[in-house]
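Engineer: Handing you this structure, nothing more for now.
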Amino acid sequence: MKQIIWVDTQSKLREIVEMAKDCESVALDAEMDSFFSYRTKLCLVQMTVDGRDILIDPLALKDLSPLNEVTQSESIRKVFHAGENDVPYFREHGVFFRQIFDTHIAAKVLELPTKSLGGLVERYFDVVLAKDQSRADWRIRPLPEEQVEYARQDTLYLCQLADLLSEELAAAEAEAEAAQYFKALEPRTLREKTFDPDGWAKIQGVKDLSPVQRSVLCELYAWREREAEKADLAAFRVAHNGALISLSRKRFTRPEQLEQWAKSSYFKDNAAELVELLEKGKERGPIPLPDLRKKRDKDWSSADEKLFNKLRKWRNAESERRGIDPSRVVSNQLLKRLARSRPKDQDGLAAVDGLQAWTIDQYGAEILQIVNP
């Protein structure tokens, strides 16, 4: 295996920054621990710089901000694949970006038959990337050799791939369109993790429960969230959804009954509390399933729906005329924002979150005419 540069001290990070400062392109990727932890953390940063493969350890480094000399440079192209998943975690560490090129976005704009990194690498380089470490634990130190190789390959082909896709974007006269999506990645931030008290109603199998059993499930769901946050574990590692559904049906009145039934150590260790929650749910009585759609669209009026349908009809006709995917004209999410905000002029269009200058230049007049007939 090709030698990897492992960076776990500030001095080594400084060396990497100096190495990359004069490059035209660097490839970047990141690995997190969302499959294991309640609060997702940045666990590994991968870089490829002039053919050199670098792994940076954010768990060992106090300060990643020196990377800004590279990531904010206007003269260096930063290549990601699906950077929307990674950029927010860099920002949490004080690392910000300019001049991003995203191979996943480029593939979408070009409407290639495959958009995944593995699919693109196989298409352009006839190489099959390993997929067996996608749910690996990236907190482990030292990283096992197979994880190191998997991580290395995430950036190994990105710069070359970006070159090829850039040529195709130019040939398709789609550079400006792609550039607006690349630019939109720069300010992406993490969404704050919040507890959804109606989340229990989204669990598969909830509709098969009685109204009283739903009340019990509601109590168990809230308990799991508290335990997951306290232990900093992904919620399913405390108890998976199927276990919550099964327990909601039980009529245990004593902890030992639950202990004998349970397979989960969390259920066994918290048997007394869980029996109390079973009783609490039953005492609370029947509860209906919440109207999740109504909750989600509480500020959505019939007039909004009517305008959204008009905008969507125009968008679909335009996508058919150009022979492209409708989302490349304007996404449904943006159409809904337009229907809600009803912009009156160019300034109003510019104020719509996510609506890019390129889209406004090309379609702004038509959108305003539909919104303000």
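Residue names in the structure tokens use chain letters A, B, ... in the order shown, residue numbers from 1 in each chain, and ligand numbers from 1 in the order shown.
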What's the 10 Å shell around region 120-130 of chain A, counting only C-alpha atoms, without same-chain residues fewer than 2 positions away, as number ranges by chain?

Structural biologist: A: 103-104, 107, 112-118, 132-134, 146-147, 149-151, 153-154, 156-158, 160-161, 164-165

Engineer: For the helix (DSSP H, G or I) assignment from backbone DSSP, which residues of region 31-189 of chain A qualify? Please present them as a VMD selection string.

Structural biologist: chain A and resid 65 to 71 83 to 85 87 to 92 103 to 109 117 to 125 145 to 156 158 to 171 175 to 185

Engineer: Do you know which residues are at most 10 Å from Ala350 (chain A) counting only C-alpha atoms, after dropping those on the same chain fewer than 6 positions away, and could you put them as a PyMOL selection string?

Structural biologist: chain A and resi 343+356-357+359-360+364

Engineer: So that I can check the surroundings of Arg342 (chain A), please list as a ChimeraX atom specification every protein, DNA and RNA residue that reaches within 12 Å of it, counting only C-alpha atoms and ignoring chain neighbours fewer than 5 positions away.

Structural biologist: /A:303-304,307-308,311,334-337,347-352,367-373

Engineer: How would you write, as a list in words, the set of residues in region 79-279 of chain A that DSSP gives as strand (DSSP E or B)?

Structural biologist: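 Across region 79-279 of chain A, those assigned strand (DSSP E or B) are Val79, Phe80, Ile100, Phe101 and Asp102 of chain A.
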
Engineer: Which residues come within 12 Å of region 230-242 of chain A, counting only C-alpha atoms, excluding same-chain residues fewer than 3 positions away, as a PyMOL selection string?

Structural biologist: chain A and resi 33-41+195+199-206+217-218+220-227+245-249+262-270

Engineer: What would the file look like if the residues just selected were written as a CSV table (one decimal), in the first residue's frame with N, CA and C atoms?

Structural biologist:
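File written: selection28.csv
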```csv
chain,number,residue,atom,x,y,z
A,33,ASP,N,-18.7,10.0,13.0
A,33,ASP,CA,-19.0,8.8,13.8
A,33,ASP,C,-20.6,8.8,14.1
A,34,SER,N,-21.3,9.2,13.1
A,34,SER,CA,-22.8,9.3,13.3
A,34,SER,C,-23.4,7.9,13.5
A,35,PHE,N,-22.8,6.9,13.0
A,35,PHE,CA,-23.3,5.5,13.2
A,35,PHE,C,-23.1,5.0,14.6
A,36,PHE,N,-22.3,5.8,15.4
A,36,PHE,CA,-22.0,5.3,16.8
A,36,PHE,C,-22.4,6.3,17.8
A,37,SER,N,-22.4,7.6,17.6
A,37,SER,CA,-22.5,8.6,18.6
A,37,SER,C,-23.8,9.4,18.4
A,38,TYR,N,-24.3,9.9,19.6
A,38,TYR,CA,-25.5,10.8,19.6
A,38,TYR,C,-25.1,12.2,19.0
A,39,ARG,N,-23.9,12.7,19.4
A,39,ARG,CA,-23.5,14.0,18.8
A,39,ARG,C,-22.4,13.7,17.8
A,40,THR,N,-22.7,13.8,16.6
A,40,THR,CA,-21.8,13.4,15.5
A,40,THR,C,-20.5,14.3,15.5
A,41,LYS,N,-19.4,13.6,15.4
A,41,LYS,CA,-18.1,14.3,15.5
A,41,LYS,C,-17.3,14.0,14.2
A,195,PHE,N,-34.8,17.3,19.6
A,195,PHE,CA,-35.7,16.1,19.8
A,195,PHE,C,-37.1,16.4,19.2
A,199,GLY,N,-41.6,12.0,17.0
A,199,GLY,CA,-40.8,11.0,16.3
A,199,GLY,C,-41.2,9.6,16.4
A,200,TRP,N,-41.8,9.2,17.5
A,200,TRP,CA,-42.3,7.9,17.7
A,200,TRP,C,-43.3,7.5,16.6
A,201,ALA,N,-44.1,8.5,16.1
A,201,ALA,CA,-45.1,8.2,15.1
A,201,ALA,C,-44.6,7.9,13.7
A,202,LYS,N,-43.3,8.0,13.6
A,202,LYS,CA,-42.6,7.7,12.3
A,202,LYS,C,-42.1,6.3,12.2
A,203,ILE,N,-42.1,5.6,13.4
A,203,ILE,CA,-41.5,4.3,13.5
A,203,ILE,C,-42.4,3.3,12.7
A,204,GLN,N,-41.7,2.4,11.9
A,204,GLN,CA,-42.4,1.4,11.2
A,204,GLN,C,-43.1,0.5,12.1
A,205,GLY,N,-44.4,0.2,11.9
A,205,GLY,CA,-45.2,-0.7,12.8
A,205,GLY,C,-46.1,0.1,13.7
A,206,VAL,N,-45.9,1.4,13.8
A,206,VAL,CA,-46.7,2.1,14.8
A,206,VAL,C,-48.2,2.0,14.5
A,217,LEU,N,-45.4,3.6,23.6
A,217,LEU,CA,-44.3,3.8,22.7
A,217,LEU,C,-43.8,5.2,22.8
A,218,CYS,N,-44.7,6.2,23.0
A,218,CYS,CA,-44.3,7.6,23.1
A,218,CYS,C,-43.4,7.7,24.3
A,220,LEU,N,-41.5,5.3,25.8
A,220,LEU,CA,-40.3,4.6,25.5
A,220,LEU,C,-39.4,5.3,24.6
A,221,TYR,N,-40.0,6.0,23.6
A,221,TYR,CA,-39.2,6.7,22.6
A,221,TYR,C,-38.5,7.9,23.3
A,222,ALA,N,-39.2,8.6,24.2
A,222,ALA,CA,-38.5,9.7,24.9
A,222,ALA,C,-37.4,9.2,25.8
A,223,TRP,N,-37.7,8.0,26.5
A,223,TRP,CA,-36.6,7.4,27.3
A,223,TRP,C,-35.4,7.1,26.5
A,224,ARG,N,-35.6,6.5,25.3
A,224,ARG,CA,-34.4,6.1,24.5
A,224,ARG,C,-33.6,7.4,24.1
A,225,GLU,N,-34.3,8.5,23.8
A,225,GLU,CA,-33.6,9.7,23.5
A,225,GLU,C,-32.7,10.2,24.6
A,226,ARG,N,-33.3,10.2,25.8
A,226,ARG,CA,-32.6,10.6,27.0
A,226,ARG,C,-31.4,9.8,27.3
A,227,GLU,N,-31.5,8.5,27.1
A,227,GLU,CA,-30.4,7.6,27.4
A,227,GLU,C,-29.3,7.7,26.3
A,245,ILE,N,-41.2,-1.1,19.6
A,245,ILE,CA,-42.5,-1.6,19.2
A,245,ILE,C,-42.9,-2.8,20.0
A,246,SER,N,-42.0,-3.8,20.1
A,246,SER,CA,-42.3,-5.1,20.8
A,246,SER,C,-42.6,-4.8,22.3
A,247,LEU,N,-41.8,-3.9,22.9
A,247,LEU,CA,-42.0,-3.7,24.3
A,247,LEU,C,-43.3,-2.9,24.6
A,248,SER,N,-43.7,-2.1,23.6
A,248,SER,CA,-44.9,-1.4,23.8
A,248,SER,C,-46.1,-2.3,23.9
A,249,ARG,N,-46.0,-3.5,23.4
A,249,ARG,CA,-47.1,-4.5,23.4
A,249,ARG,C,-47.1,-5.3,24.7
A,262,ALA,N,-36.0,-9.5,27.8
A,262,ALA,CA,-35.1,-8.6,27.1
A,262,ALA,C,-33.8,-9.3,26.6
A,263,LYS,N,-33.4,-8.9,25.4
A,263,LYS,CA,-32.1,-9.2,24.9
A,263,LYS,C,-31.1,-8.1,25.0
A,264,SER,N,-31.6,-6.9,25.0
A,264,SER,CA,-30.8,-5.7,25.1
A,264,SER,C,-30.3,-5.4,26.5
A,265,SER,N,-29.0,-5.2,26.6
A,265,SER,CA,-28.4,-4.9,28.0
A,265,SER,C,-29.1,-3.6,28.5
A,266,TYR,N,-29.4,-2.6,27.7
A,266,TYR,CA,-30.0,-1.4,28.1
A,266,TYR,C,-31.4,-1.7,28.7
A,267,PHE,N,-32.1,-2.6,28.1
A,267,PHE,CA,-33.4,-3.0,28.7
A,267,PHE,C,-33.3,-3.7,30.0
A,268,LYS,N,-32.3,-4.6,30.1
A,268,LYS,CA,-32.1,-5.3,31.3
A,268,LYS,C,-31.6,-4.4,32.5
A,269,ASP,N,-30.7,-3.5,32.1
A,269,ASP,CA,-30.1,-2.6,33.2
A,269,ASP,C,-31.2,-1.6,33.6
A,270,ASN,N,-32.2,-1.3,32.8
A,270,ASN,CA,-33.1,-0.2,33.2
A,270,ASN,C,-34.5,-0.8,33.3
```

Engineer: Which residues are close to Ile140 (chain A), i.e. within 12 Å by only C-alpha atoms, leaving aside same-chain residues fewer than 5 positions away? Reply as number ranges by chain.

Structural biologist: A: 31-33, 36, 43-44, 57, 59-60, 145, 147-148

Engineer: Near region 322-332 of chain A, within 8 Å and counting only C-alpha atoms, which residues show up once chain neighbours fewer than 4 positions away are dropped, as a list in words?

Structural biologist: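 Once the adjacent positions are removed, what remains is Val109, Glu111, Arg312, Arg315, Asn316, Glu318, Lys336 and Thr359 of chain A.
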
Engineer: Measuring between only C-alpha atoms, which one of A:Lys250, A:Arg191, A:Arg98, A:Arg135 shows the shortest distance to Thr71 (chain A)?

Structural biologist: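 Looking only at the distances to Thr71 (chain A), the closest residue turns out to be A:Arg98.
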
Engineer: In Å, rounded to a single decimal, give me how far CA of Phe97 (chain A) is from CA of Gln72 (chain A).

Structural biologist: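 Computing the Euclidean distance for CA of Gln72 (chain A) and CA of Phe97 (chain A) yields 4.9 Å.
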
Engineer: Suppose you want the space between CA of Glu276 (chain A) and CA of Val212 (chain A); what is it in Å?

Structural biologist: 14.9 Å

Engineer: Which residue, A:Gln346, A:Ser215, A:Ser319, A:Ser25, has the smallest gap to Ala162 (chain A) when you use only C-alpha atoms?

Structural biologist: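 The answer is A:Ser25, which sits nearest to Ala162 (chain A).
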
Engineer: For CA of Gln10 (chain A) and CA of Val70 (chain A), determine how far apart the two atoms are, in Å to one decimal place.

Structural biologist: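 Separation of CA of Gln10 (chain A) and CA of Val70 (chain A): 15.4 Å.
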